[in-house]
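Structure, as structure tokens:
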2 protein chains.
Amino acid sequence: MREVCIIGIGQTPIGELWETSLRHLAFDALQAAMADANLADAQPDALFVGNMLAPRLNDQQQLGALIADFCGWRGIEAATVEAACASGGVAFQSGVRAVASGMAEIAAVVGVEKMTDATKSAVTAALTTAADADYEGVHGVTFVALNALLMQRYMYEYNLSHEAFAPFSVNAHRNAANNPNAMFQKAITPEAYARAPMISPPINLLDSSPVSDGAAAAILAPIEMARDLGVTPVRVLASTTATDSLNLDDRHDLLALEASRLSAERAYRKAGVTPADIDVFEVHDAFSIIAALSLEASGFAERGRATHLAADGGIAIDGEIPISTMGGLKARGHPVGATGVYEIVDLATQLRGEAGENQVQGAEIGMTQNIGGTGATVVTHVFAV
Amino acid sequence: MREVCIIGIGQTPIGELWETSLRHLAFDALQAAMADANLADAQPDALFVGNMLAPRLNDQQQLGALIADFCGWRGIEAATVEAACASGGVAFQSGVRAVASGMAEIAAVVGVEKMTDATKSAVTAALTTAADADYEGVHGVTFVALNALLMQRYMYEYNLSHEAFAPFSVNAHRNAANNPNAMFQKAITPEAYARAPMISPPINLLDSSPVSDGAAAAILAPIEMARDLGVTPVRVLASTTATDSLNLDDRHDLLALEASRLSAERAYRKAGVTPADIDVFEVHDAFSIIAALSLEASGFAERGRATHLAADGGIAIDGEIPISTMGGLKARGHPVGATGVYEIVDLATQLRGEAGENQVQGAEIGMTQNIGGTGATVVTHVFAV
């Protein structure tokens, strides 16, 4: 198996981008990534698209061919890879394999989602397809409500108030303030968090990542090519996916986030590292509770201790395990099928030392974790410079 | 890159399977395939699901984790791979890469589609997402109508009557009569073809593959494992995908099916074969016209000559290039996201010499071609025993 690395990254700003179509968003991110790889005039051998909602919200499938053609790459291999909100992560993994197997020299990955052209009820119904349609969705539960069940149970088990989760949202917003691509470039206070409107108890507005449009891209190649192109390679040390039941009532342990644990363990083993070696962790903070569960399942905090880690400053840029360093899903934004690639772009930015005011000093090894549904598909990547 | 082979195949019958849910269909095919590989009590390392319509017709995404869990394989890697009607083919290619790269030892692939629980208008709208939503779908054109434009143009260019296409449908139905898993196990006459109800001129009912439910599965492993398990390996000689514009009006040559030509050429080069070496070709006969165009683009007939090849018996079991040997999409059935895997299962059945009355004598090298949309994504596989 060949060693694979990221040779270029690109992204669009995240927001309500009504003036830009889905294919344009993908094009913008891919062109930026190809230029970043010093390949502005070349084309990749293969394109992998991470997307969840286009079949419902944009009446569009077969995004691989559509986007390849729109980029001027008609003829190349292309496909969409989907695992709900983990679509970006599994698409990136497909790119890694295309290069690792020798079946492609240059693979492009783009995560793209266009959510804000649809009605709120259409978006809510579409997001619920991440849950088990026959055992959860059929009862009318929304995706936020399923996450609220997890948060409620966590607060009960560990005897915590809602305010205990404030540091996650405060940290994300503080970091987003310095990210020109973030949807909310604005710090918030714990007081603002406490009085935010309730969405689905106990999840309030500032526990929740926003409905967004955006696209992020990465270009993958064998390590030797990075040297030839004169770019800084971000090496892929591990690319692992694990699964769990979709429906919460079928989990063995509601708060264990078993697929997160499994995929992180596989990634550590493959990369030959431990959680202590990870300098930055781009976490899937779709809701505050998911950031807490992911930190615990991945070995960065004991069970029931993630909010304490956050309260003690452990998740800040200068903390022991910085998370959501460019704003995370919470404040940078969460265009669902794109999120897994945004996490990787943010981490690559850190490892290349290009994160500006949010730079984690001395960051050499980093990890991303991208979560589909309430933890049914979890993709972990470990990178190094 | 490791040599990869199919070690097991499985399928459900195709039909209007109202008593069986989507996950059950996938389970049935996967269990059969694992048993066929002498792995009934084992589990694969990774599962790749080919599916197109579940997000719309079954309100379900994240089928990878859902099906893995339902099979008792909770925890393994899983994802969905989509390219409209070529979803099965691209999912299979993902399985090939997982094994070829060494990231998995055993990869399971399942194509599954459950179309018949939805209303006809919902199915028609969902299938149209294979076309370009912004340039084709928005005008109200259906997917059948787009294929009808191709057929109309072909008849005009080559001065052919509608009856010239009868041999494709007659051949498919004759072969399906001997396939217990086929949706229509019944031969038809050229006269029946001529008087079938019109769907979208010039495409009539017997030019069209049926809306269907079904699942097909294949298990992939390194070649050495087949020997250890005592099963006949069907070797993957080539796995290639090519793309074209989704919207027909943007094609350079409407009847060239450029992605079919490209992916076939790449496959021949990779496998080190020519069209003359192919003993069986499982073609994507979603409509008669697509079978004709695919045969021509892949080098089995000169342009404008495919209907003549068919009329001369060239596509029959004992012809020079047998197609749709178990009934094809036309008569075996076309559960869209599953079709690419059904083609591969049918071909493996031929190469293993297990096709019964439909056996192509001496079949050693075979090819499948799976087509997304009106030719925007084309996946070609070459296999050998």
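Lettering and numbering for the structure tokens are positional, with chains as A, B, ... in the shown order, residues counted from 1 in each chain, and ligands counted from 1 in the shown order.
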
Pull out every residue of chain B that has at least one atom within 6 Å of chain A, counting only C-alpha atoms, and report them as an mmCIF file with C-alpha atoms, in the first residue's frame.
data_model
loop_
_atom_site.group_PDB
_atom_site.id
_atom_site.type_symbol
_atom_site.label_atom_id
_atom_site.label_comp_id
_atom_site.auth_asym_id
_atom_site.auth_seq_id
_atom_site.Cartn_x
_atom_site.Cartn_y
_atom_site.Cartn_z
ATOM 1 C CA MET B 1 -1.793 -3.714 -5.554
ATOM 2 C CA ASP B 59 -36.755 8.023 3.879
ATOM 3 C CA GLN B 60 -33.486 6.301 4.709
ATOM 4 C CA GLN B 61 -29.840 7.278 4.380
ATOM 5 C CA GLN B 62 -26.751 5.766 5.992
ATOM 6 C CA ALA B 65 -24.369 1.099 9.029
ATOM 7 C CA ASP B 69 -26.012 -3.917 11.902
ATOM 8 C CA ARG B 74 -22.214 -4.098 14.010
ATOM 9 C CA GLY B 75 -18.905 -2.255 14.194
ATOM 10 C CA ILE B 76 -17.493 -3.032 10.749
ATOM 11 C CA GLU B 77 -16.728 -0.289 8.282
ATOM 12 C CA ALA B 79 -20.765 3.250 3.508
ATOM 13 C CA THR B 80 -23.123 3.834 0.585
ATOM 14 C CA VAL B 81 -21.738 4.583 -2.873
ATOM 15 C CA GLU B 82 -23.997 6.257 -5.417
ATOM 16 C CA ALA B 83 -23.933 7.125 -9.112
ATOM 17 C CA ALA B 84 -27.651 6.867 -9.973
ATOM 18 C CA ALA B 100 -6.587 -4.129 -3.304
ATOM 19 C CA SER B 101 -5.176 -1.452 -0.987
ATOM 20 C CA THR B 129 -32.755 12.919 -10.162
ATOM 21 C CA ALA B 130 -30.388 10.854 -12.350
ATOM 22 C CA ALA B 133 -31.931 18.864 -12.188
ATOM 23 C CA THR B 241 -15.334 4.259 -14.215
ATOM 24 C CA ALA B 242 -15.699 7.136 -16.663
ATOM 25 C CA THR B 243 -18.024 10.129 -16.780
ATOM 26 C CA ASP B 244 -19.798 12.412 -19.234
ATOM 27 C CA SER B 245 -22.155 15.372 -18.927
#

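Note that DSSP on the backbone gives strand (DSSP E) to these residues of range 179-309 of chain A: Met198, Ile199, Ser200, Ile203, Asn204, Asp213, Gly214, Ala215, Ala216, Ala217, Ala218, Ile219, Leu220, Ala221, Pro222, Val234, Arg235, Val236, Leu237, Ala238, Ser239, Thr240, Thr241, Ala242, Thr243, Val280, Phe281 and Glu282 of chain A.
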
- Query: Counting only C-alpha atoms, what is within 8 Å of Asp213 in chain A, bar same-chain residues fewer than 4 positions away, as a ChimeraX atom specification?
  - Reply: /A:14-17,112-116,334-335

Please dump the current selection as a PDB file, in the first residue's frame; keep all heavy atoms.
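Wrote it out as out00.pdb, contents follow:
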ATOM      1  N   ILE A  14     -18.801  29.413   4.589  1.00  0.00           N
ATOM      2  CA  ILE A  14     -20.047  28.716   4.916  1.00  0.00           C
ATOM      3  C   ILE A  14     -21.098  29.751   5.276  1.00  0.00           C
ATOM      4  O   ILE A  14     -20.803  30.742   5.935  1.00  0.00           O
ATOM      5  CB  ILE A  14     -19.833  27.740   6.098  1.00  0.00           C
ATOM      6  CG1 ILE A  14     -18.843  26.647   5.690  1.00  0.00           C
ATOM      7  CG2 ILE A  14     -21.150  27.141   6.556  1.00  0.00           C
ATOM      8  CD1 ILE A  14     -18.601  25.594   6.754  1.00  0.00           C
ATOM      9  N   GLY A  15     -22.318  29.520   4.824  1.00  0.00           N
ATOM     10  CA  GLY A  15     -23.388  30.465   5.162  1.00  0.00           C
ATOM     11  C   GLY A  15     -24.661  30.124   4.428  1.00  0.00           C
ATOM     12  O   GLY A  15     -24.845  28.989   3.987  1.00  0.00           O
ATOM     13  N   GLU A  16     -25.541  31.118   4.303  1.00  0.00           N
ATOM     14  CA  GLU A  16     -26.745  30.967   3.483  1.00  0.00           C
ATOM     15  C   GLU A  16     -26.380  31.528   2.119  1.00  0.00           C
ATOM     16  O   GLU A  16     -26.544  32.719   1.863  1.00  0.00           O
ATOM     17  CB  GLU A  16     -27.916  31.716   4.107  1.00  0.00           C
ATOM     18  CG  GLU A  16     -28.328  31.135   5.447  1.00  0.00           C
ATOM     19  CD  GLU A  16     -29.586  31.783   6.020  1.00  0.00           C
ATOM     20  OE1 GLU A  16     -30.052  32.797   5.470  1.00  0.00           O
ATOM     21  OE2 GLU A  16     -30.106  31.258   7.016  1.00  0.00           O
ATOM     22  N   LEU A  17     -25.875  30.683   1.258  1.00  0.00           N
ATOM     23  CA  LEU A  17     -25.273  31.144   0.000  1.00  0.00           C
ATOM     24  C   LEU A  17     -26.265  31.029  -1.144  1.00  0.00           C
ATOM     25  O   LEU A  17     -26.124  30.211  -2.056  1.00  0.00           O
ATOM     26  CB  LEU A  17     -23.996  30.335  -0.271  1.00  0.00           C
ATOM     27  CG  LEU A  17     -22.997  30.280   0.908  1.00  0.00           C
ATOM     28  CD1 LEU A  17     -21.832  29.347   0.598  1.00  0.00           C
ATOM     29  CD2 LEU A  17     -22.490  31.663   1.250  1.00  0.00           C
ATOM     30  N   VAL A 112     -19.868  18.651  -0.249  1.00  0.00           N
ATOM     31  CA  VAL A 112     -20.690  19.807  -0.642  1.00  0.00           C
ATOM     32  C   VAL A 112     -22.120  19.590  -0.160  1.00  0.00           C
ATOM     33  O   VAL A 112     -22.651  18.481  -0.207  1.00  0.00           O
ATOM     34  CB  VAL A 112     -20.639  20.025  -2.180  1.00  0.00           C
ATOM     35  CG1 VAL A 112     -21.135  18.801  -2.936  1.00  0.00           C
ATOM     36  CG2 VAL A 112     -21.425  21.270  -2.594  1.00  0.00           C
ATOM     37  N   GLU A 113     -22.716  20.666   0.315  1.00  0.00           N
ATOM     38  CA  GLU A 113     -24.114  20.590   0.723  1.00  0.00           C
ATOM     39  C   GLU A 113     -24.760  21.954   0.505  1.00  0.00           C
ATOM     40  O   GLU A 113     -24.146  22.989   0.775  1.00  0.00           O
ATOM     41  CB  GLU A 113     -24.208  20.198   2.202  1.00  0.00           C
ATOM     42  CG  GLU A 113     -25.510  19.536   2.591  1.00  0.00           C
ATOM     43  CD  GLU A 113     -25.640  18.093   2.070  1.00  0.00           C
ATOM     44  OE1 GLU A 113     -25.019  17.178   2.639  1.00  0.00           O
ATOM     45  OE2 GLU A 113     -26.377  17.917   1.080  1.00  0.00           O
ATOM     46  N   LYS A 114     -25.991  21.925   0.031  1.00  0.00           N
ATOM     47  CA  LYS A 114     -26.755  23.148  -0.215  1.00  0.00           C
ATOM     48  C   LYS A 114     -28.104  22.948   0.446  1.00  0.00           C
ATOM     49  O   LYS A 114     -29.004  22.326  -0.104  1.00  0.00           O
ATOM     50  CB  LYS A 114     -26.887  23.370  -1.718  1.00  0.00           C
ATOM     51  CG  LYS A 114     -27.646  24.604  -2.096  1.00  0.00           C
ATOM     52  CD  LYS A 114     -26.819  25.531  -2.967  1.00  0.00           C
ATOM     53  CE  LYS A 114     -27.505  26.863  -3.187  1.00  0.00           C
ATOM     54  NZ  LYS A 114     -27.254  27.820  -2.106  1.00  0.00           N
ATOM     55  N   MET A 115     -28.239  23.473   1.666  1.00  0.00           N
ATOM     56  CA  MET A 115     -29.399  23.179   2.495  1.00  0.00           C
ATOM     57  C   MET A 115     -30.401  24.320   2.577  1.00  0.00           C
ATOM     58  O   MET A 115     -31.569  24.098   2.902  1.00  0.00           O
ATOM     59  CB  MET A 115     -28.940  22.856   3.928  1.00  0.00           C
ATOM     60  CG  MET A 115     -27.914  21.736   4.020  1.00  0.00           C
ATOM     61  SD  MET A 115     -27.207  21.541   5.696  1.00  0.00           S
ATOM     62  CE  MET A 115     -28.612  20.833   6.588  1.00  0.00           C
ATOM     63  N   THR A 116     -29.946  25.554   2.298  1.00  0.00           N
ATOM     64  CA  THR A 116     -30.789  26.697   2.674  1.00  0.00           C
ATOM     65  C   THR A 116     -31.767  27.156   1.593  1.00  0.00           C
ATOM     66  O   THR A 116     -32.497  28.110   1.809  1.00  0.00           O
ATOM     67  CB  THR A 116     -29.935  27.904   3.118  1.00  0.00           C
ATOM     68  OG1 THR A 116     -29.294  28.478   1.975  1.00  0.00           O
ATOM     69  CG2 THR A 116     -28.893  27.499   4.145  1.00  0.00           C
ATOM     70  N   HIS A 334     -22.144  23.796   9.494  1.00  0.00           N
ATOM     71  CA  HIS A 334     -22.330  22.354   9.315  1.00  0.00           C
ATOM     72  C   HIS A 334     -23.155  22.055   8.065  1.00  0.00           C
ATOM     73  O   HIS A 334     -24.297  21.637   8.150  1.00  0.00           O
ATOM     74  CB  HIS A 334     -22.995  21.779  10.572  1.00  0.00           C
ATOM     75  CG  HIS A 334     -23.169  20.288  10.566  1.00  0.00           C
ATOM     76  ND1 HIS A 334     -22.364  19.428   9.855  1.00  0.00           N
ATOM     77  CD2 HIS A 334     -24.073  19.496  11.227  1.00  0.00           C
ATOM     78  CE1 HIS A 334     -22.778  18.179  10.061  1.00  0.00           C
ATOM     79  NE2 HIS A 334     -23.804  18.191  10.887  1.00  0.00           N
ATOM     80  N   PRO A 335     -22.564  22.279   6.874  1.00  0.00           N
ATOM     81  CA  PRO A 335     -23.215  21.804   5.649  1.00  0.00           C
ATOM     82  C   PRO A 335     -22.977  20.297   5.639  1.00  0.00           C
ATOM     83  O   PRO A 335     -21.869  19.839   5.340  1.00  0.00           O
ATOM     84  CB  PRO A 335     -22.442  22.508   4.534  1.00  0.00           C
ATOM     85  CG  PRO A 335     -21.253  23.174   5.181  1.00  0.00           C
ATOM     86  CD  PRO A 335     -21.242  22.877   6.617  1.00  0.00           C
TER      87      PRO A 335
END

- Query: If you count only C-alpha atoms, which residues fall within 7 Å of range 318-331 of chain A, apart from same-chain ones fewer than 2 positions away, as an MDAnalysis selection string?
  - Reply: chainID A and resid 169 172:173 175:176 179 182:184 208:210 279:286 313:316 333:334 346 358 360

- Which polymer residues have any atom within 6 Å of an atom of range 153-159 of chain B, counting only C-alpha atoms, with same-chain residues fewer than 2 positions away left out, as a PyMOL selection string? chain B and resi 150-151+304

- Coordinates-based distance that separates CA of Glu354 in chain A from CA of Ala42 in chain A (Å, one decimal):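 Taking CA of Ala42 in chain A as the start and CA of Glu354 in chain A as the end point, the length is 24.7 Å.
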
- Query: What is the CA of Gln31 in chain A to CA of Asn181 in chain A distance in Å?
  - Reply: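 CA of Asn181 in chain A lies 16.2 Å from CA of Gln31 in chain A.
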
- For Gly362 in chain A: contacts at 12 Å, only C-alpha atoms, fewer than 2 positions along chain excluded, given as a ChimeraX atom specification: /A:277-280,317-318,350-355,359-360,364-366,384-385

Just write the chosen residues, N, CA and C atoms, as a PDB file, in the first residue's frame.
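Listed below is the output, out_31.pdb:
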ATOM      1  N   ASP A 277      -0.591  11.597  21.887  1.00  0.00           N
ATOM      2  CA  ASP A 277       0.214  12.115  20.773  1.00  0.00           C
ATOM      3  C   ASP A 277      -0.538  13.116  19.903  1.00  0.00           C
ATOM      4  N   ILE A 278      -1.840  13.198  20.056  1.00  0.00           N
ATOM      5  CA  ILE A 278      -2.654  14.048  19.182  1.00  0.00           C
ATOM      6  C   ILE A 278      -2.579  15.501  19.654  1.00  0.00           C
ATOM      7  N   ASP A 279      -2.106  16.381  18.776  1.00  0.00           N
ATOM      8  CA  ASP A 279      -1.939  17.790  19.129  1.00  0.00           C
ATOM      9  C   ASP A 279      -3.202  18.619  18.898  1.00  0.00           C
ATOM     10  N   VAL A 280      -4.028  18.214  17.950  1.00  0.00           N
ATOM     11  CA  VAL A 280      -5.274  18.919  17.610  1.00  0.00           C
ATOM     12  C   VAL A 280      -6.312  17.863  17.273  1.00  0.00           C
ATOM     13  N   ILE A 317      -7.363  26.553  22.278  1.00  0.00           N
ATOM     14  CA  ILE A 317      -6.201  26.514  21.380  1.00  0.00           C
ATOM     15  C   ILE A 317      -4.925  26.149  22.149  1.00  0.00           C
ATOM     16  N   ASP A 318      -4.779  26.666  23.372  1.00  0.00           N
ATOM     17  CA  ASP A 318      -3.582  26.365  24.148  1.00  0.00           C
ATOM     18  C   ASP A 318      -3.836  25.279  25.193  1.00  0.00           C
ATOM     19  N   GLN A 350      -4.007  23.676  10.282  1.00  0.00           N
ATOM     20  CA  GLN A 350      -3.237  23.679  11.533  1.00  0.00           C
ATOM     21  C   GLN A 350      -1.874  23.011  11.338  1.00  0.00           C
ATOM     22  N   LEU A 351      -1.877  21.835  10.717  1.00  0.00           N
ATOM     23  CA  LEU A 351      -0.619  21.081  10.604  1.00  0.00           C
ATOM     24  C   LEU A 351       0.370  21.794   9.674  1.00  0.00           C
ATOM     25  N   ARG A 352      -0.152  22.583   8.749  1.00  0.00           N
ATOM     26  CA  ARG A 352       0.724  23.363   7.867  1.00  0.00           C
ATOM     27  C   ARG A 352       1.152  24.689   8.521  1.00  0.00           C
ATOM     28  N   GLY A 353       0.647  24.934   9.729  1.00  0.00           N
ATOM     29  CA  GLY A 353       1.022  26.154  10.448  1.00  0.00           C
ATOM     30  C   GLY A 353       0.417  27.403   9.862  1.00  0.00           C
ATOM     31  N   GLU A 354      -0.775  27.269   9.244  1.00  0.00           N
ATOM     32  CA  GLU A 354      -1.388  28.405   8.553  1.00  0.00           C
ATOM     33  C   GLU A 354      -2.678  28.872   9.219  1.00  0.00           C
ATOM     34  N   ALA A 355      -2.829  28.574  10.513  1.00  0.00           N
ATOM     35  CA  ALA A 355      -4.107  28.875  11.177  1.00  0.00           C
ATOM     36  C   ALA A 355      -4.149  30.252  11.817  1.00  0.00           C
ATOM     37  N   GLN A 359      -3.637  29.396  15.545  1.00  0.00           N
ATOM     38  CA  GLN A 359      -2.634  28.351  15.373  1.00  0.00           C
ATOM     39  C   GLN A 359      -2.324  27.643  16.701  1.00  0.00           C
ATOM     40  N   VAL A 360      -2.392  26.318  16.659  1.00  0.00           N
ATOM     41  CA  VAL A 360      -1.949  25.500  17.790  1.00  0.00           C
ATOM     42  C   VAL A 360      -0.437  25.340  17.637  1.00  0.00           C
ATOM     43  N   GLU A 364       1.869  18.843  15.185  1.00  0.00           N
ATOM     44  CA  GLU A 364       2.497  17.929  14.217  1.00  0.00           C
ATOM     45  C   GLU A 364       1.632  16.730  13.886  1.00  0.00           C
ATOM     46  N   ILE A 365       0.852  16.282  14.859  1.00  0.00           N
ATOM     47  CA  ILE A 365      -0.044  15.145  14.630  1.00  0.00           C
ATOM     48  C   ILE A 365      -1.453  15.574  14.995  1.00  0.00           C
ATOM     49  N   GLY A 366      -2.416  15.298  14.107  1.00  0.00           N
ATOM     50  CA  GLY A 366      -3.785  15.718  14.375  1.00  0.00           C
ATOM     51  C   GLY A 366      -4.786  14.649  13.988  1.00  0.00           C
ATOM     52  N   ALA A 384      -0.294  13.699   9.857  1.00  0.00           N
ATOM     53  CA  ALA A 384       0.939  14.255  10.423  1.00  0.00           C
ATOM     54  C   ALA A 384       1.685  15.043   9.363  1.00  0.00           C
ATOM     55  N   VAL A 385       2.477  16.023   9.813  1.00  0.00           N
ATOM     56  CA  VAL A 385       3.400  16.703   8.885  1.00  0.00           C
ATOM     57  C   VAL A 385       4.817  16.284   9.252  1.00  0.00           C
TER      58      VAL A 385
END

- Message: Applying 6 Å and only C-alpha atoms, which residues near Ile219 in chain B remain after dropping the ones on its own chain fewer than 2 positions away? List them as a VMD selection string.
- Response: chain B and resid 6 to 8 107 to 108

Store the residues of this selection in a file with C-alpha atoms, as a PDB file, in the first residue's frame.
ATOM      1  CA  ILE B   6     -15.079 -12.631  -6.040  1.00  0.00           C
ATOM      2  CA  ILE B   7     -15.350 -15.509  -3.574  1.00  0.00           C
ATOM      3  CA  GLY B   8     -19.120 -15.526  -3.100  1.00  0.00           C
ATOM      4  CA  ALA B 107     -15.177  -6.769   1.578  1.00  0.00           C
ATOM      5  CA  ALA B 108     -18.901  -7.313   1.075  1.00  0.00           C
TER       6      ALA B 108
END

- Task: Apply DSSP to the structure's backbone, then extract all residues of range 5-68 of chain A labelled alpha helix (DSSP H) and return them as a ChimeraX atom specification.
- Result: /A:22-36,54-57,63-68

- Message: Please report the interatomic distance between CA of Asp228 in chain B and CA of Ala267 in chain A in Å with one decimal.
- Response: 28.9 Å

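For the set A:Ala310, A:Gly230, A:Glu302, A:Asn178, the residue with the smallest atom-to-atom gap to Asp36 in chain A is A:Gly230, counting only C-alpha atoms.
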
- Taking only C-alpha atoms into account, which of B:Ala118, B:Ile106, B:Ala26, B:Ile9 comes nearest Met225 in chain B? B:Ile106

- Query: B:Ala33, B:Gln369, B:Leu347, B:Ala338: which is nearest Val234 in chain B, counting only C-alpha atoms?
  - Reply: B:Leu347
